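Chemist: Data: entry_0.cif, mmCIF, C-alpha atoms and all ligand atoms.
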```cif
data_upload
#
loop_
_atom_site.group_PDB
_atom_site.id
_atom_site.type_symbol
_atom_site.label_atom_id
_atom_site.label_comp_id
_atom_site.auth_asym_id
_atom_site.auth_seq_id
_atom_site.Cartn_x
_atom_site.Cartn_y
_atom_site.Cartn_z
ATOM 1 C CA MET A 884 -15.444 107.950 -3.784
ATOM 2 C CA LYS A 885 -11.878 108.133 -2.475
ATOM 3 C CA ASP A 886 -12.916 110.908 -0.053
ATOM 4 C CA ARG A 887 -15.880 108.849 1.135
ATOM 5 C CA ILE A 888 -13.640 105.823 1.652
ATOM 6 C CA SER A 889 -11.164 107.887 3.692
ATOM 7 C CA ARG A 890 -13.988 109.240 5.864
ATOM 8 C CA LEU A 891 -15.543 105.797 6.390
ATOM 9 C CA LYS A 892 -12.137 104.389 7.219
ATOM 10 C CA ARG A 893 -11.570 107.008 9.920
ATOM 11 C CA GLU A 894 -15.042 106.456 11.373
ATOM 12 C CA ALA A 895 -14.545 102.680 11.455
ATOM 13 C CA GLY A 896 -11.041 102.919 12.946
ATOM 14 C CA ALA A 897 -9.890 100.779 10.043
ATOM 15 C CA VAL A 898 -6.666 100.346 8.113
ATOM 16 C CA ILE A 899 -6.449 99.300 4.455
ATOM 17 C CA LEU A 900 -3.827 96.762 3.382
ATOM 18 C CA ALA A 901 -3.325 95.999 -0.306
ATOM 19 C CA HIS A 902 -1.224 93.509 -2.189
ATOM 20 C CA ASN A 903 1.133 94.667 -4.939
ATOM 21 C CA TYR A 904 -1.097 93.025 -7.594
ATOM 22 C CA GLN A 905 -4.220 95.058 -6.756
ATOM 23 C CA LEU A 906 -5.794 97.556 -9.156
ATOM 24 C CA PRO A 907 -3.892 100.899 -9.318
ATOM 25 C CA GLU A 908 -6.715 102.860 -7.609
ATOM 26 C CA ILE A 909 -6.723 100.361 -4.722
ATOM 27 C CA GLN A 910 -2.933 100.553 -4.412
ATOM 28 C CA GLU A 911 -3.144 104.337 -4.249
ATOM 29 C CA ILE A 912 -5.743 104.437 -1.483
ATOM 30 C CA ALA A 913 -4.116 101.733 0.682
ATOM 31 C CA ASP A 914 -2.361 102.598 3.942
ATOM 32 C CA HIS A 915 0.104 99.747 3.437
ATOM 33 C CA LEU A 916 1.121 98.084 0.190
ATOM 34 C CA GLY A 917 3.279 94.991 -0.006
ATOM 35 C CA ASP A 918 3.776 91.327 -0.753
ATOM 36 C CA SER A 919 2.442 88.492 1.391
ATOM 37 C CA LEU A 920 5.331 88.515 3.871
ATOM 38 C CA GLU A 921 5.360 92.283 4.334
ATOM 39 C CA LEU A 922 1.599 92.396 4.830
ATOM 40 C CA ALA A 923 1.699 89.473 7.270
ATOM 41 C CA ARG A 924 4.319 91.308 9.324
ATOM 42 C CA ILE A 925 2.476 94.625 9.135
ATOM 43 C CA SER A 926 -0.881 93.127 10.142
ATOM 44 C CA LYS A 927 0.669 91.963 13.427
ATOM 45 C CA GLN A 928 1.919 95.427 14.335
ATOM 46 C CA LEU A 929 -1.170 97.499 13.582
ATOM 47 C CA SER A 930 -2.958 99.413 16.313
ATOM 48 C CA GLU A 931 -6.265 99.676 14.383
ATOM 49 C CA GLU A 932 -9.014 97.221 15.350
ATOM 50 C CA VAL A 933 -10.294 96.687 11.818
ATOM 51 C CA ILE A 934 -8.168 95.466 8.891
ATOM 52 C CA VAL A 935 -9.640 95.752 5.412
ATOM 53 C CA PHE A 936 -7.586 93.417 3.264
ATOM 54 C CA CYS A 937 -7.515 94.098 -0.468
ATOM 55 C CA GLY A 938 -6.062 90.886 -1.804
ATOM 56 C CA VAL A 939 -7.159 87.280 -2.073
ATOM 57 C CA ARG A 940 -8.690 85.078 0.610
ATOM 58 C CA PHE A 941 -5.545 83.330 1.881
ATOM 59 C CA MET A 942 -3.944 86.734 2.573
ATOM 60 C CA ALA A 943 -6.882 87.987 4.605
ATOM 61 C CA GLU A 944 -6.915 84.643 6.441
ATOM 62 C CA THR A 945 -3.223 85.129 7.218
ATOM 63 C CA ALA A 946 -3.946 88.526 8.755
ATOM 64 C CA LYS A 947 -6.734 86.997 10.872
ATOM 65 C CA ILE A 948 -4.537 84.069 11.962
ATOM 66 C CA LEU A 949 -1.850 86.462 13.181
ATOM 67 C CA SER A 950 -4.227 89.050 14.653
ATOM 68 C CA PRO A 951 -7.128 87.038 16.101
ATOM 69 C CA ASP A 952 -8.552 89.921 18.124
ATOM 70 C CA LYS A 953 -8.954 92.129 15.084
ATOM 71 C CA LYS A 954 -11.811 92.213 12.670
ATOM 72 C CA VAL A 955 -10.495 91.313 9.216
ATOM 73 C CA ILE A 956 -12.643 92.168 6.226
ATOM 74 C CA LEU A 957 -12.135 90.848 2.676
ATOM 75 C CA PRO A 958 -14.047 93.345 0.477
ATOM 76 C CA SER A 959 -14.383 90.893 -2.418
ATOM 77 C CA PRO A 960 -15.326 87.564 -0.782
ATOM 78 C CA ASP A 961 -14.980 85.497 -3.957
ATOM 79 C CA ALA A 962 -11.376 86.610 -4.553
ATOM 80 C CA GLY A 963 -9.634 83.275 -4.115
ATOM 81 C CA CYS A 964 -6.307 81.918 -5.333
ATOM 82 C CA PRO A 965 -6.465 79.021 -7.813
ATOM 83 C CA LEU A 966 -2.943 78.006 -6.737
ATOM 84 C CA ALA A 967 -4.012 77.736 -3.083
ATOM 85 C CA ASP A 968 -7.027 75.688 -4.192
ATOM 86 C CA THR A 969 -4.855 72.986 -5.801
ATOM 87 C CA ILE A 970 -4.386 71.151 -2.507
ATOM 88 C CA GLU A 971 -6.863 69.916 0.110
ATOM 89 C CA PRO A 972 -5.939 68.920 3.681
ATOM 90 C CA GLU A 973 -6.649 65.194 3.004
ATOM 91 C CA GLN A 974 -4.181 65.256 0.114
ATOM 92 C CA LEU A 975 -1.472 66.806 2.281
ATOM 93 C CA ARG A 976 -2.152 64.338 5.096
ATOM 94 C CA ASP A 977 -1.855 61.524 2.570
ATOM 95 C CA LEU A 978 1.554 62.830 1.441
ATOM 96 C CA GLN A 979 2.694 63.242 5.047
ATOM 97 C CA GLY A 980 1.639 59.629 5.690
ATOM 98 C CA LYS A 981 3.918 58.503 2.858
ATOM 99 C CA HIS A 982 6.847 60.608 4.119
ATOM 100 C CA PRO A 983 6.543 60.540 7.909
ATOM 101 C CA GLU A 984 10.050 61.914 8.519
ATOM 102 C CA ALA A 985 9.626 64.890 6.186
ATOM 103 C CA TRP A 986 9.195 68.488 7.333
ATOM 104 C CA THR A 987 6.190 70.177 5.711
ATOM 105 C CA VAL A 988 6.788 73.634 4.258
ATOM 106 C CA SER A 989 3.728 75.342 2.849
ATOM 107 C CA TYR A 990 3.885 78.424 0.698
ATOM 108 C CA VAL A 991 1.812 81.207 2.216
ATOM 109 C CA ASN A 992 -0.514 80.826 -0.801
ATOM 110 C CA THR A 993 -2.484 78.094 0.965
ATOM 111 C CA SER A 994 -5.707 77.887 2.952
ATOM 112 C CA ALA A 995 -5.728 78.185 6.751
ATOM 113 C CA ALA A 996 -6.525 74.437 6.868
ATOM 114 C CA ILE A 997 -3.296 73.595 4.973
ATOM 115 C CA LYS A 998 -1.214 75.939 7.117
ATOM 116 C CA ALA A 999 -2.688 74.276 10.197
ATOM 117 C CA ILE A 1000 -1.126 70.918 9.247
ATOM 118 C CA SER A 1001 2.217 72.367 8.093
ATOM 119 C CA ASP A 1002 5.386 72.759 10.142
ATOM 120 C CA VAL A 1003 6.264 76.139 8.714
ATOM 121 C CA CYS A 1004 5.067 78.521 6.026
ATOM 122 C CA CYS A 1005 7.182 80.451 3.553
ATOM 123 C CA THR A 1006 6.831 83.187 0.977
ATOM 124 C CA SER A 1007 8.676 83.456 -2.324
ATOM 125 C CA GLY A 1008 11.065 85.852 -0.574
ATOM 126 C CA ASN A 1009 12.188 83.457 2.144
ATOM 127 C CA ALA A 1010 11.341 79.983 0.740
ATOM 128 C CA ALA A 1011 14.976 78.944 0.183
ATOM 129 C CA ALA A 1012 16.019 80.048 3.676
ATOM 130 C CA VAL A 1013 13.049 78.274 5.274
ATOM 131 C CA VAL A 1014 13.763 75.002 3.436
ATOM 132 C CA LYS A 1015 17.476 75.255 4.217
ATOM 133 C CA ASN A 1016 16.644 75.732 7.875
ATOM 134 C CA ALA A 1017 14.258 72.756 8.032
ATOM 135 C CA PRO A 1018 15.436 70.212 10.623
ATOM 136 C CA ALA A 1019 14.910 67.225 8.307
ATOM 137 C CA GLU A 1020 16.560 65.892 5.152
ATOM 138 C CA GLU A 1021 13.251 65.480 3.380
ATOM 139 C CA VAL A 1022 10.873 68.393 2.826
ATOM 140 C CA ILE A 1023 7.303 68.248 1.554
ATOM 141 C CA PHE A 1024 6.799 71.513 -0.309
ATOM 142 C CA VAL A 1025 3.287 72.641 -1.268
ATOM 143 C CA PRO A 1026 1.607 73.783 -3.426
ATOM 144 C CA ASP A 1027 3.745 75.508 -6.132
ATOM 145 C CA ARG A 1028 5.956 73.150 -8.141
ATOM 146 C CA ASN A 1029 7.825 76.000 -9.897
ATOM 147 C CA LEU A 1030 8.767 77.762 -6.685
ATOM 148 C CA GLY A 1031 9.650 74.339 -5.264
ATOM 149 C CA SER A 1032 12.026 73.437 -8.085
ATOM 150 C CA TRP A 1033 13.665 76.862 -7.917
ATOM 151 C CA VAL A 1034 14.243 76.332 -4.174
ATOM 152 C CA GLN A 1035 15.546 72.799 -4.778
ATOM 153 C CA LYS A 1036 18.301 74.211 -7.023
ATOM 154 C CA GLN A 1037 19.457 76.501 -4.236
ATOM 155 C CA VAL A 1038 19.181 73.933 -1.485
ATOM 156 C CA PRO A 1039 20.487 70.750 -3.129
ATOM 157 C CA ASP A 1040 21.185 68.946 0.138
ATOM 158 C CA LYS A 1041 17.445 68.634 0.909
ATOM 159 C CA ARG A 1042 15.249 66.050 -0.801
ATOM 160 C CA MET A 1043 12.143 67.970 -1.777
ATOM 161 C CA ILE A 1044 8.788 66.373 -2.523
ATOM 162 C CA LEU A 1045 6.852 68.828 -4.660
ATOM 163 C CA TRP A 1046 3.104 69.169 -5.007
ATOM 164 C CA PRO A 1047 2.198 69.694 -8.694
ATOM 165 C CA GLY A 1048 0.283 72.978 -8.213
ATOM 166 C CA PHE A 1049 1.094 76.115 -10.174
ATOM 167 C CA CYS A 1050 -0.042 79.702 -10.544
ATOM 168 C CA TYR A 1051 -1.874 80.018 -13.864
ATOM 169 C CA VAL A 1052 -0.689 83.642 -14.196
ATOM 170 C CA HIS A 1053 3.055 82.974 -13.866
ATOM 171 C CA GLU A 1054 2.818 79.712 -15.798
ATOM 172 C CA LEU A 1055 1.898 81.773 -18.887
ATOM 173 C CA PHE A 1056 5.379 83.318 -19.223
ATOM 174 C CA ARG A 1057 7.429 81.323 -21.747
ATOM 175 C CA ALA A 1058 11.139 80.956 -22.573
ATOM 176 C CA GLU A 1059 10.443 82.491 -26.029
ATOM 177 C CA ASP A 1060 9.284 85.664 -24.242
ATOM 178 C CA LEU A 1061 12.837 86.106 -22.924
ATOM 179 C CA ASP A 1062 14.331 86.045 -26.456
ATOM 180 C CA GLU A 1063 11.745 88.502 -27.696
ATOM 181 C CA ALA A 1064 12.311 90.844 -24.730
ATOM 182 C CA ARG A 1065 16.093 90.822 -25.322
ATOM 183 C CA ARG A 1066 15.531 91.608 -29.013
ATOM 184 C CA LEU A 1067 13.111 94.484 -28.269
ATOM 185 C CA HIS A 1068 14.954 95.931 -25.267
ATOM 186 C CA PRO A 1069 18.675 95.172 -25.495
ATOM 187 C CA GLY A 1070 20.460 95.847 -22.212
ATOM 188 C CA ALA A 1071 17.301 95.717 -20.109
ATOM 189 C CA GLU A 1072 17.406 93.699 -16.881
ATOM 190 C CA ILE A 1073 15.035 90.743 -16.916
ATOM 191 C CA ILE A 1074 13.573 89.919 -13.509
ATOM 192 C CA VAL A 1075 11.056 87.119 -13.018
ATOM 193 C CA HIS A 1076 9.116 85.669 -10.113
ATOM 194 C CA PRO A 1077 10.028 82.160 -8.881
ATOM 195 C CA GLU A 1078 6.460 80.990 -9.643
ATOM 196 C CA CYS A 1079 7.487 81.130 -13.338
ATOM 197 C CA ARG A 1080 8.372 77.919 -15.183
ATOM 198 C CA PRO A 1081 11.928 76.621 -14.515
ATOM 199 C CA GLU A 1082 13.097 77.418 -18.066
ATOM 200 C CA VAL A 1083 11.937 81.034 -17.644
ATOM 201 C CA ALA A 1084 13.648 81.355 -14.266
ATOM 202 C CA ALA A 1085 16.830 79.818 -15.727
ATOM 203 C CA GLY A 1086 16.973 82.367 -18.566
ATOM 204 C CA ALA A 1087 16.260 85.512 -16.510
ATOM 205 C CA ASP A 1088 18.887 87.825 -15.013
ATOM 206 C CA TYR A 1089 17.253 87.693 -11.577
ATOM 207 C CA VAL A 1090 14.608 85.532 -9.918
ATOM 208 C CA LEU A 1091 13.027 87.571 -7.146
ATOM 209 C CA SER A 1092 9.912 87.934 -5.032
ATOM 210 C CA THR A 1093 7.861 91.066 -5.645
ATOM 211 C CA ALA A 1094 9.566 92.758 -2.678
ATOM 212 C CA GLY A 1095 12.912 91.708 -4.172
ATOM 213 C CA MET A 1096 11.917 93.206 -7.537
ATOM 214 C CA LEU A 1097 11.063 96.544 -5.925
ATOM 215 C CA LYS A 1098 14.403 96.575 -4.116
ATOM 216 C CA ARG A 1099 16.348 95.629 -7.241
ATOM 217 C CA ALA A 1100 14.660 98.396 -9.265
ATOM 218 C CA ARG A 1101 15.668 100.937 -6.600
ATOM 219 C CA GLU A 1102 19.275 99.775 -6.413
ATOM 220 C CA SER A 1103 20.143 98.809 -10.001
ATOM 221 C CA SER A 1104 21.893 101.202 -12.368
ATOM 222 C CA ALA A 1105 19.817 99.818 -15.278
ATOM 223 C CA LYS A 1106 17.203 102.114 -16.784
ATOM 224 C CA LYS A 1107 15.014 99.483 -18.420
ATOM 225 C CA PHE A 1108 13.495 96.422 -16.779
ATOM 226 C CA ILE A 1109 11.497 93.493 -18.102
ATOM 227 C CA ILE A 1110 9.249 92.095 -15.386
ATOM 228 C CA GLY A 1111 7.898 88.547 -15.292
ATOM 229 C CA THR A 1112 5.095 88.775 -12.762
ATOM 230 C CA GLU A 1113 1.489 89.943 -12.452
ATOM 231 C CA ILE A 1114 0.980 93.303 -14.159
ATOM 232 C CA GLY A 1115 -0.121 95.103 -10.952
ATOM 233 C CA LEU A 1116 3.469 95.243 -9.732
ATOM 234 C CA ILE A 1117 4.496 97.222 -12.808
ATOM 235 C CA HIS A 1118 2.147 100.015 -11.734
ATOM 236 C CA ARG A 1119 3.963 100.250 -8.400
ATOM 237 C CA LEU A 1120 7.408 99.993 -10.012
ATOM 238 C CA LYS A 1121 6.597 102.878 -12.382
ATOM 239 C CA ARG A 1122 5.148 104.980 -9.582
ATOM 240 C CA GLU A 1123 8.220 104.501 -7.377
ATOM 241 C CA ASN A 1124 10.792 104.821 -10.187
ATOM 242 C CA PRO A 1125 9.350 107.357 -12.658
ATOM 243 C CA GLU A 1126 12.721 107.855 -14.339
ATOM 244 C CA ASN A 1127 12.975 104.181 -15.377
ATOM 245 C CA GLU A 1128 11.083 102.064 -17.914
ATOM 246 C CA PHE A 1129 9.290 98.835 -17.006
ATOM 247 C CA TYR A 1130 7.767 96.351 -19.436
ATOM 248 C CA SER A 1131 5.964 93.085 -18.937
ATOM 249 C CA LEU A 1132 7.760 89.978 -20.152
ATOM 250 C CA GLY A 1133 5.658 88.984 -23.179
ATOM 251 C CA ASN A 1134 2.000 89.928 -22.909
ATOM 252 C CA ALA A 1135 0.787 91.526 -19.685
ATOM 253 C CA ARG A 1136 -0.365 88.742 -17.343
ATOM 254 C CA ILE A 1137 -3.331 89.428 -15.139
ATOM 255 C CA CYS A 1138 -4.598 87.621 -12.048
ATOM 256 C CA VAL A 1139 -8.361 87.919 -12.343
ATOM 257 C CA ASN A 1140 -8.849 87.331 -8.633
ATOM 258 C CA MET A 1141 -6.461 90.093 -7.654
ATOM 259 C CA LYS A 1142 -8.473 92.530 -9.783
ATOM 260 C CA LYS A 1143 -11.830 91.666 -8.238
ATOM 261 C CA THR A 1144 -11.623 94.257 -5.470
ATOM 262 C CA THR A 1145 -12.986 97.605 -6.639
ATOM 263 C CA LEU A 1146 -13.355 100.966 -4.877
ATOM 264 C CA SER A 1147 -17.112 100.214 -4.615
ATOM 265 C CA ASP A 1148 -16.366 96.943 -2.817
ATOM 266 C CA LEU A 1149 -14.059 98.823 -0.472
ATOM 267 C CA GLU A 1150 -16.671 101.484 0.255
ATOM 268 C CA TYR A 1151 -19.350 98.838 0.864
ATOM 269 C CA ALA A 1152 -17.032 96.859 3.176
ATOM 270 C CA LEU A 1153 -16.249 99.950 5.258
ATOM 271 C CA LYS A 1154 -19.899 100.961 5.433
ATOM 272 C CA THR A 1155 -21.232 97.547 6.474
ATOM 273 C CA GLY A 1156 -18.221 95.970 8.220
ATOM 274 C CA GLU A 1157 -18.722 92.892 6.030
ATOM 275 C CA PRO A 1158 -17.707 90.313 4.859
ATOM 276 C CA VAL A 1159 -15.654 89.214 7.834
ATOM 277 C CA ILE A 1160 -13.028 86.452 7.782
ATOM 278 C CA GLN A 1161 -13.738 83.689 10.276
ATOM 279 C CA ILE A 1162 -11.524 80.710 11.040
ATOM 280 C CA PRO A 1163 -12.255 77.912 13.555
ATOM 281 C CA GLU A 1164 -10.070 78.553 16.613
ATOM 282 C CA GLU A 1165 -8.269 75.197 16.545
ATOM 283 C CA THR A 1166 -7.316 75.671 12.890
ATOM 284 C CA ARG A 1167 -6.261 79.251 13.585
ATOM 285 C CA THR A 1168 -4.003 78.311 16.503
ATOM 286 C CA ARG A 1169 -2.233 75.588 14.531
ATOM 287 C CA ALA A 1170 -1.876 77.774 11.440
ATOM 288 C CA ALA A 1171 -0.516 80.588 13.632
ATOM 289 C CA ARG A 1172 2.305 78.329 14.779
ATOM 290 C CA ALA A 1173 3.361 77.603 11.174
ATOM 291 C CA LEU A 1174 3.202 81.314 10.325
ATOM 292 C CA GLU A 1175 5.068 82.372 13.453
ATOM 293 C CA ASN A 1176 7.718 79.839 12.526
ATOM 294 C CA MET A 1177 8.039 81.613 9.183
ATOM 295 C CA ILE A 1178 8.275 85.085 10.677
ATOM 296 C CA ASN A 1179 10.802 83.921 13.278
ATOM 297 C CA PRO A 1180 14.020 83.004 11.432
ATOM 298 C CA ASP A 1181 15.089 80.596 14.206
ATOM 299 C CA TYR A 1182 11.933 78.671 13.750
ATOM 300 C CA HIS A 1183 12.980 75.174 14.794
ATOM 301 C CA ASN A 1184 9.723 74.267 16.403
ATOM 302 C CA PRO A 1185 9.112 70.551 16.182
ATOM 303 C CA GLY A 1186 5.591 69.500 16.961
ATOM 304 C CA ALA A 1187 3.817 72.032 14.781
ATOM 305 C CA VAL A 1188 2.154 69.054 13.131
ATOM 306 C CA SER A 1189 0.250 66.885 15.519
HETATM 307 S S1 LIG B 1201 -1.151 85.653 -9.025
HETATM 308 FE FE1 LIG B 1201 -1.266 83.399 -8.917
HETATM 309 S S2 LIG B 1201 -0.628 82.884 -6.848
HETATM 310 FE FE2 LIG B 1201 -1.135 85.094 -6.851
HETATM 311 S S3 LIG B 1201 -3.291 85.174 -6.222
HETATM 312 FE FE3 LIG B 1201 -3.276 85.104 -8.479
HETATM 313 S S4 LIG B 1201 -3.438 82.891 -8.942
HETATM 314 FE FE4 LIG B 1201 -2.867 83.042 -6.790
#
```
In structure tokens, how does this file's structure come out?
Ligand code: SF4

Modeler:
Amino acid sequence: MKDRISRLKREAGAVILAHNYQLPEIQEIADHLGDSLELARISKQLSEEVIVFCGVRFMAETAKILSPDKKVILPSPDAGCPLADTIEPEQLRDLQGKHPEAWTVSYVNTSAAIKAISDVCCTSGNAAAVVKNAPAEEVIFVPDRNLGSWVQKQVPDKRMILWPGFCYVHELFRAEDLDEARRLHPGAEIIVHPECRPEVAAGADYVLSTAGMLKRARESSAKKFIIGTEIGLIHRLKRENPENEFYSLGNARICVNMKKTTLSDLEYALKTGEPVIQIPEETRTRAARALENMINPDYHNPGAVS
């Protein structure tokens, strides 16, 4: 099947992007593997006309927003993100109406419609820098309350209004898991994702995005690591650092949506060129501005919301 996929990919002039949480066999066949920010940046620079995005819907939408002339295919069309689904555009507009002076920062884990009414997007890797850089004292931060409170600690001079959404996968890690991990693996470095609960983030050695975790594992002198994020990243960490040991914090936590894309889905998508991501042009243009503001560190671009 892998050979057939490679042949179909060549024939279609396609490139395969995969998120770090995808199934191991999808990670291995991908041309580019990364977190949301890396994949957003890569999708803009690709020369191929067809992007097959192995991830969840908001990620494929992000690729389409940034590369409107390309065909973007999401092999598993029902792979959504429950965190992204916690907020609807009317709810964000309502919040913006209550805080008219606030700058709206939306995590990249949002629909195109939410991005379209945000000033700037962020990922877990650059959220603190984006909020710090916001040209307003008050910041509406959607939709992840855990990432938001972690950012608030690092940027105390901003008044952050947090949406109460959360990622059900990261929410499952508990403070007790930290004690148990230290008992089982003394000396191991504990690294968790900022979507984890505040008490978990507070008790970890490092709070990092998935890209940050990969970097830390490469650079640290530690030999054992306890990882508090979706289990798919551990596959990549082990593959890239075979001499080190990686364990999940507590029980392995799995994002069902990230595991929906199979090799069969990928083969079908390459064979048929379906299902294609489509976004109304007005929404796409507005969302592109918020995403470009994220990718450009000097993003002061008032007027993104109109
Ligand atoms: S791990 Fe959480 S935030 Fe990421 S896609 Fe799954 S539900 Fe959404």

Chemist: Calculated over all atoms listed in the file, which of the candidates A:Gly1111, A:Gly1008, A:Pro1081, A:Pro1069 has the smallest distance to A:Gln1035?

Modeler: A:Pro1081

Chemist: Check what the PyMOL selection byres (((not hetatm)) within 8 of (chain B and resi 1201)) selects in the file above and give those residues as a PyMOL selection string.

Modeler: chain A and resi 904+938-939+963-967+992+1049-1053+1078+1112-1113+1137-1141

Chemist: Of the residues A:Glu1175, A:Glu911, A:Glu894, A:Asp968, which is the one nearest to A:Ser1001, using only C-alpha atoms?

Modeler: A:Glu1175

Chemist: Choose the residue, out of A:Thr993, A:Glu1072, A:Val1083, A:Arg1136, that has the smallest atom-to-atom separation from A:Lys1106; count only C-alpha atoms.

Modeler: A:Glu1072

Chemist: Where does the PyMOL selection byres (((chain A and resi 1018-1032) around 6) and not hetatm) land in this file, that is, which residues does it pick, as a PyMOL selection string?

Modeler: chain A and resi 985-989+1017+1033-1035+1041-1049+1077-1078+1080
